[in-house]
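Engineer: Just dropping this structure here.
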Amino acid sequence: RAKEIGKNTVCFYTSDINDRLVKYQQITALLRQALTNGGLELYYQPQIDLRTGGATSCEALLRCFDKASNLVSPATFIPVAEKSGLINRIGDWVIDAACKQLKAWQRTELAGVRIDVNLSGRQLTNPHLADQILETIEHYGLKPEQLGVELTENEVFGSEEDQTRQLERLKAAGLHISIDDFGTGYSSLVYLRKLPVCSIKIDRSFLHYAMENESDMAIMKAMVTVGQSLGLSILVEGVETEQQAKLIRDLGCDFAQGFLYAKPMPAKAAEAFMKPLASRS
Ligand code: C2E
Ligand code: MG
Ligand code: MG
Ligand code: MG
């Protein structure tokens, strides 16, 4: 009987692994196709200055469409891209697309805005990353201050010295560096002090729970205090309600991003949203 159960278990795992392998292969094929056939697009989510209500920066969030134009979520394809190594080509595409967008905005009211792109830790292992990014910025005739990069704590904290060097070079050149999903990783405040960082983006889970629970509120306050005393600007992610907006304003946070203000949108829609807000600063 035990043997039978064992057998069944093996069968179950085999088909599970199989399913996952098939899914993995489907997604890598989709990504390869999207890279060559225009199936990738950047959406933009404005970042709101809590003091002025203005918006002079936005985050680029990658979208991938399959042949039937169905949207595939980055939560699905980014981990596959990282595992397969495709993230390097995709990351290059993202940086190029963001810079191209900045150039297009150069002749509009959005001339001064900044776009922040998400980087994977794996991209930082490329010793030429900083050079490549700076070359792209120059190619499009932009200022380095117009581009920002976001990395999660786990991707930079405790990483190889070479990886930190790429970030340091970018920061020294004038790019904006943010720690994404702050608080969810193995945050060591010592690293925060050592790293070339301009701002932290507090993960939306803290905001969510801070509304309901004293200890999460305490953690949130502590993160804001530490960030501020290190001279970093504080952005809170996932702001969905006026109540949450009031809370983070009262805590002294600098920026907010979330559905309350705007969802990630295609470039044209982001442009329309940001135009009246870009000069309010
Ligand atoms: P992230 O960088 O932390 O991006 C924020 C995510 O929260 C986005 O999900 C955004 O749509 C979502 N969001 C924004 N405001 C709200 C809100 O008010 N409520 C809720 N519930 N969600 C909100 P998205 O676009 O699905 O991206 C998921 C993750 O995929 C990103 O998390 C990022 O880690 C990764 N990603 C996206 N684009 C790229 C990229 O170009 N390169 C890399 N390496 N990763 C990317
Ligand atoms: Mg991000
Ligand atoms: Mg993230
Ligand atoms: Mg985040």
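If you're wondering about the labels, chains in the structure tokens are A, B, ... by order shown, residues count from 1 in each chain, ligands from 1 in order shown.
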Using DSSP on the backbone, list every residue of range 46-193 of chain A that comes out as helix (DSSP H, G or I), and give them as a PyMOL selection string.

Structural biologist: chain A and resi 74-84+87-105+121-124+129-139+144-146+153-156+161-173+189-193

Engineer: Return as an NGL selection string every polymer residue, whether protein, DNA or RNA, with at least one atom no more than 12 Å from an atom of ligand 4; count only C-alpha atoms and all ligand atoms.

Structural biologist: :A and (45 or 59-61 or 75 or 116-119 or 149-153 or 178-185 or 200-206 or 235-239 or 256-258)

Engineer: Would you put the residues from that selection into a file with N, CA, C and O atoms, as a compact mmCIF listing (two decimals), in the first residue's frame?

Structural biologist:
```
# COMPACT_ATOMS: atom_id res chain seq x y z
N GLN A 45 3.61 54.18 -15.13
CA GLN A 45 2.78 54.57 -13.98
C GLN A 45 3.39 55.80 -13.32
O GLN A 45 4.53 55.75 -12.83
N GLU A 59 7.22 55.13 -13.53
CA GLU A 59 7.91 53.84 -13.59
C GLU A 59 7.49 53.12 -14.87
O GLU A 59 6.30 53.07 -15.19
N ALA A 60 8.47 52.58 -15.56
CA ALA A 60 8.18 51.78 -16.76
C ALA A 60 7.94 50.33 -16.33
O ALA A 60 8.77 49.74 -15.65
N LEU A 61 6.79 49.79 -16.71
CA LEU A 61 6.45 48.40 -16.37
C LEU A 61 6.21 47.63 -17.66
O LEU A 61 5.40 48.03 -18.51
N ALA A 75 4.63 39.11 -13.70
CA ALA A 75 4.79 38.17 -12.59
C ALA A 75 5.03 36.76 -13.14
O ALA A 75 5.70 35.94 -12.52
N ASP A 116 11.81 55.59 -14.62
CA ASP A 116 12.53 54.58 -13.85
C ASP A 116 12.25 53.20 -14.44
O ASP A 116 11.09 52.83 -14.60
N VAL A 117 13.30 52.46 -14.73
CA VAL A 117 13.12 51.09 -15.24
C VAL A 117 13.51 50.08 -14.16
O VAL A 117 14.37 50.36 -13.33
N ASN A 118 12.87 48.93 -14.18
CA ASN A 118 13.22 47.86 -13.24
C ASN A 118 14.40 47.08 -13.79
O ASN A 118 14.44 46.73 -14.97
N LEU A 119 15.36 46.80 -12.93
CA LEU A 119 16.50 45.96 -13.32
C LEU A 119 16.46 44.66 -12.53
O LEU A 119 16.05 44.65 -11.37
N VAL A 149 16.88 53.67 -12.20
CA VAL A 149 16.78 52.21 -12.14
C VAL A 149 16.27 51.79 -10.77
O VAL A 149 16.57 52.43 -9.76
N GLU A 150 15.48 50.72 -10.76
CA GLU A 150 14.94 50.16 -9.51
C GLU A 150 15.43 48.74 -9.36
O GLU A 150 15.38 47.97 -10.31
N LEU A 151 15.89 48.44 -8.14
CA LEU A 151 16.31 47.07 -7.84
C LEU A 151 15.75 46.67 -6.50
O LEU A 151 15.61 47.52 -5.61
N THR A 152 15.45 45.41 -6.31
CA THR A 152 14.99 44.99 -4.98
C THR A 152 16.21 44.75 -4.08
O THR A 152 17.33 44.54 -4.57
N GLU A 153 15.94 44.78 -2.79
CA GLU A 153 17.02 44.61 -1.80
C GLU A 153 17.85 43.36 -2.05
O GLU A 153 19.06 43.39 -2.04
N SER A 178 16.78 53.54 -7.13
CA SER A 178 15.79 53.25 -6.08
C SER A 178 15.86 51.80 -5.65
O SER A 178 16.14 50.91 -6.45
N ILE A 179 15.57 51.59 -4.36
CA ILE A 179 15.39 50.24 -3.86
C ILE A 179 13.89 49.93 -3.90
O ILE A 179 13.09 50.62 -3.27
N ASP A 180 13.55 48.92 -4.68
CA ASP A 180 12.15 48.55 -4.93
C ASP A 180 11.65 47.59 -3.86
O ASP A 180 12.45 46.86 -3.26
N ASP A 181 10.36 47.56 -3.63
CA ASP A 181 9.73 46.62 -2.69
C ASP A 181 10.43 46.66 -1.34
O ASP A 181 10.60 45.62 -0.68
N PHE A 182 10.83 47.84 -0.91
CA PHE A 182 11.64 47.95 0.30
C PHE A 182 10.90 47.37 1.50
O PHE A 182 9.71 47.61 1.69
N GLY A 183 11.64 46.63 2.30
CA GLY A 183 11.08 46.04 3.52
C GLY A 183 10.73 44.57 3.37
O GLY A 183 10.56 43.87 4.36
N THR A 184 10.63 44.09 2.13
CA THR A 184 10.22 42.70 1.94
C THR A 184 11.41 41.75 1.84
O THR A 184 11.24 40.54 1.94
N GLY A 185 12.59 42.30 1.63
CA GLY A 185 13.76 41.43 1.45
C GLY A 185 14.54 41.29 2.74
O GLY A 185 14.03 41.54 3.83
N ILE A 200 13.97 55.03 -1.54
CA ILE A 200 13.41 53.72 -1.28
C ILE A 200 11.93 53.75 -1.65
O ILE A 200 11.25 54.76 -1.50
N LYS A 201 11.48 52.62 -2.17
CA LYS A 201 10.07 52.47 -2.50
C LYS A 201 9.51 51.43 -1.53
O LYS A 201 9.81 50.24 -1.65
N ILE A 202 8.75 51.91 -0.56
CA ILE A 202 8.22 51.01 0.48
C ILE A 202 7.15 50.11 -0.13
O ILE A 202 6.22 50.59 -0.79
N ASP A 203 7.32 48.81 0.07
CA ASP A 203 6.42 47.84 -0.54
C ASP A 203 4.98 48.05 -0.09
O ASP A 203 4.71 48.41 1.04
N ARG A 204 4.07 47.79 -1.02
CA ARG A 204 2.67 48.10 -0.75
C ARG A 204 2.07 47.28 0.38
O ARG A 204 1.09 47.68 0.99
N SER A 205 2.66 46.13 0.70
CA SER A 205 2.10 45.30 1.76
C SER A 205 2.12 46.04 3.12
O SER A 205 1.20 45.90 3.91
N PHE A 206 3.15 46.86 3.34
CA PHE A 206 3.24 47.57 4.62
C PHE A 206 2.12 48.58 4.77
O PHE A 206 1.51 48.70 5.82
N LEU A 235 9.24 56.88 -1.28
CA LEU A 235 8.04 56.67 -2.09
C LEU A 235 7.28 55.48 -1.51
O LEU A 235 7.90 54.53 -1.05
N VAL A 236 5.97 55.58 -1.52
CA VAL A 236 5.17 54.44 -1.07
C VAL A 236 4.41 53.87 -2.27
O VAL A 236 3.79 54.60 -3.04
N GLU A 237 4.52 52.55 -2.42
CA GLU A 237 3.89 51.85 -3.55
C GLU A 237 2.48 51.41 -3.19
O GLU A 237 2.18 51.17 -2.03
N GLY A 238 1.66 51.26 -4.20
CA GLY A 238 0.35 50.63 -4.02
C GLY A 238 -0.65 51.45 -3.24
O GLY A 238 -1.47 50.92 -2.51
N VAL A 239 -0.60 52.77 -3.41
CA VAL A 239 -1.58 53.63 -2.73
C VAL A 239 -2.91 53.54 -3.49
O VAL A 239 -2.98 53.87 -4.67
N ALA A 256 4.22 59.09 -3.95
CA ALA A 256 3.28 57.98 -3.91
C ALA A 256 3.03 57.47 -5.32
O ALA A 256 3.13 58.21 -6.30
N GLN A 257 2.74 56.19 -5.38
CA GLN A 257 2.45 55.56 -6.66
C GLN A 257 1.34 54.55 -6.38
O GLN A 257 1.40 53.83 -5.39
N GLY A 258 0.34 54.53 -7.23
CA GLY A 258 -0.73 53.56 -6.98
C GLY A 258 -1.99 53.86 -7.76
O GLY A 258 -2.12 54.91 -8.39
```

Engineer: At a cut-off of 8 Å, using only C-alpha atoms, what residues contact Asp66 in chain A? Leave out same-chain residues fewer than 6 positions from it and give the result as a list of chain:residue names.

Structural biologist: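 Counting only C-alpha atoms, the residues come to A:Leu30, A:Ala34, A:Gly39, A:Val72.
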
Engineer: What does the distance from CA of Leu192 in chain A to CA of Lys171 in chain A come to in Å, to one decimal?

Structural biologist: 14.2 Å

Engineer: Which is closer to Lys263 in chain A than all the others in A:Asn213, A:Thr225, A:Gln146, A:Gln47, using only C-alpha atoms?

Structural biologist: A:Gln47

Engineer: Excluding range 157-167 of chain A and any residue of its chain fewer than 2 positions from it, enumerate the residues within 8 Å of it, using only C-alpha atoms, and give them as a PDB file with N, CA, C and O atoms, in the first residue's frame.

Structural biologist:
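What follows is the written file result-v4.pdb:
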```
ATOM      1  N   LEU A 124      22.893  43.150 -13.482  1.00  0.00           N
ATOM      2  CA  LEU A 124      24.026  43.800 -12.815  1.00  0.00           C
ATOM      3  C   LEU A 124      25.303  42.976 -12.896  1.00  0.00           C
ATOM      4  O   LEU A 124      26.399  43.493 -12.685  1.00  0.00           O
ATOM      5  N   THR A 125      25.166  41.679 -13.182  1.00  0.00           N
ATOM      6  CA  THR A 125      26.365  40.851 -13.284  1.00  0.00           C
ATOM      7  C   THR A 125      27.090  41.092 -14.611  1.00  0.00           C
ATOM      8  O   THR A 125      28.202  40.639 -14.805  1.00  0.00           O
ATOM      9  N   ASN A 126      26.432  41.819 -15.514  1.00  0.00           N
ATOM     10  CA  ASN A 126      27.089  42.204 -16.765  1.00  0.00           C
ATOM     11  C   ASN A 126      28.026  43.376 -16.476  1.00  0.00           C
ATOM     12  O   ASN A 126      27.576  44.467 -16.145  1.00  0.00           O
ATOM     13  N   PRO A 127      29.337  43.175 -16.594  1.00  0.00           N
ATOM     14  CA  PRO A 127      30.279  44.232 -16.222  1.00  0.00           C
ATOM     15  C   PRO A 127      30.203  45.452 -17.136  1.00  0.00           C
ATOM     16  O   PRO A 127      30.764  46.497 -16.820  1.00  0.00           O
ATOM     17  N   HIS A 128      29.491  45.305 -18.264  1.00  0.00           N
ATOM     18  CA  HIS A 128      29.382  46.439 -19.192  1.00  0.00           C
ATOM     19  C   HIS A 128      28.046  47.167 -19.075  1.00  0.00           C
ATOM     20  O   HIS A 128      27.748  48.054 -19.870  1.00  0.00           O
ATOM     21  N   LEU A 129      27.244  46.752 -18.084  1.00  0.00           N
ATOM     22  CA  LEU A 129      25.887  47.310 -17.989  1.00  0.00           C
ATOM     23  C   LEU A 129      25.890  48.835 -17.915  1.00  0.00           C
ATOM     24  O   LEU A 129      25.180  49.502 -18.680  1.00  0.00           O
ATOM     25  N   ALA A 130      26.675  49.387 -17.001  1.00  0.00           N
ATOM     26  CA  ALA A 130      26.679  50.842 -16.825  1.00  0.00           C
ATOM     27  C   ALA A 130      27.094  51.536 -18.122  1.00  0.00           C
ATOM     28  O   ALA A 130      26.448  52.492 -18.559  1.00  0.00           O
ATOM     29  N   GLU A 153      15.944  44.779  -2.786  1.00  0.00           N
ATOM     30  CA  GLU A 153      17.019  44.609  -1.801  1.00  0.00           C
ATOM     31  C   GLU A 153      17.845  43.359  -2.054  1.00  0.00           C
ATOM     32  O   GLU A 153      19.060  43.392  -2.037  1.00  0.00           O
ATOM     33  N   ASN A 154      17.163  42.241  -2.260  1.00  0.00           N
ATOM     34  CA  ASN A 154      17.871  40.966  -2.397  1.00  0.00           C
ATOM     35  C   ASN A 154      18.798  40.948  -3.599  1.00  0.00           C
ATOM     36  O   ASN A 154      19.768  40.196  -3.630  1.00  0.00           O
ATOM     37  N   GLU A 155      18.472  41.762  -4.596  1.00  0.00           N
ATOM     38  CA  GLU A 155      19.291  41.769  -5.798  1.00  0.00           C
ATOM     39  C   GLU A 155      20.583  42.556  -5.642  1.00  0.00           C
ATOM     40  O   GLU A 155      21.543  42.335  -6.362  1.00  0.00           O
ATOM     41  N   ARG A 169      28.613  53.405 -10.618  1.00  0.00           N
ATOM     42  CA  ARG A 169      28.917  54.167 -11.834  1.00  0.00           C
ATOM     43  C   ARG A 169      27.670  54.894 -12.346  1.00  0.00           C
ATOM     44  O   ARG A 169      27.738  56.030 -12.796  1.00  0.00           O
ATOM     45  N   LEU A 170      26.543  54.209 -12.279  1.00  0.00           N
ATOM     46  CA  LEU A 170      25.301  54.823 -12.751  1.00  0.00           C
ATOM     47  C   LEU A 170      24.925  56.021 -11.877  1.00  0.00           C
ATOM     48  O   LEU A 170      24.531  57.075 -12.373  1.00  0.00           O
ATOM     49  N   LYS A 171      25.053  55.825 -10.573  1.00  0.00           N
ATOM     50  CA  LYS A 171      24.727  56.911  -9.635  1.00  0.00           C
ATOM     51  C   LYS A 171      25.650  58.097  -9.861  1.00  0.00           C
ATOM     52  O   LYS A 171      25.218  59.247  -9.901  1.00  0.00           O
ATOM     53  N   ILE A 177      18.688  56.116  -8.485  1.00  0.00           N
ATOM     54  CA  ILE A 177      18.697  54.705  -8.081  1.00  0.00           C
ATOM     55  C   ILE A 177      17.692  54.480  -6.939  1.00  0.00           C
ATOM     56  O   ILE A 177      17.762  55.168  -5.913  1.00  0.00           O
ATOM     57  N   TYR A 186      15.778  40.902   2.596  1.00  0.00           N
ATOM     58  CA  TYR A 186      16.624  40.766   3.769  1.00  0.00           C
ATOM     59  C   TYR A 186      17.282  42.104   4.009  1.00  0.00           C
ATOM     60  O   TYR A 186      18.474  42.263   3.852  1.00  0.00           O
ATOM     61  N   SER A 187      16.454  43.083   4.368  1.00  0.00           N
ATOM     62  CA  SER A 187      16.994  44.434   4.457  1.00  0.00           C
ATOM     63  C   SER A 187      17.973  44.541   5.599  1.00  0.00           C
ATOM     64  O   SER A 187      17.660  44.217   6.731  1.00  0.00           O
ATOM     65  N   SER A 188      19.141  44.984   5.279  1.00  0.00           N
ATOM     66  CA  SER A 188      20.088  45.329   6.313  1.00  0.00           C
ATOM     67  C   SER A 188      20.335  46.815   6.164  1.00  0.00           C
ATOM     68  O   SER A 188      20.677  47.299   5.099  1.00  0.00           O
ATOM     69  N   TYR A 191      23.659  47.970   4.741  1.00  0.00           N
ATOM     70  CA  TYR A 191      23.798  48.014   3.284  1.00  0.00           C
ATOM     71  C   TYR A 191      23.176  49.274   2.702  1.00  0.00           C
ATOM     72  O   TYR A 191      23.695  49.863   1.768  1.00  0.00           O
ATOM     73  N   LEU A 195      25.174  51.500   0.073  1.00  0.00           N
ATOM     74  CA  LEU A 195      24.818  51.439  -1.346  1.00  0.00           C
ATOM     75  C   LEU A 195      24.564  52.805  -1.949  1.00  0.00           C
ATOM     76  O   LEU A 195      24.116  53.717  -1.255  1.00  0.00           O
ATOM     77  N   PRO A 196      24.843  52.929  -3.239  1.00  0.00           N
ATOM     78  CA  PRO A 196      24.559  54.195  -3.918  1.00  0.00           C
ATOM     79  C   PRO A 196      23.070  54.296  -4.240  1.00  0.00           C
ATOM     80  O   PRO A 196      22.630  53.896  -5.318  1.00  0.00           O
TER      81      PRO A 196
END
```
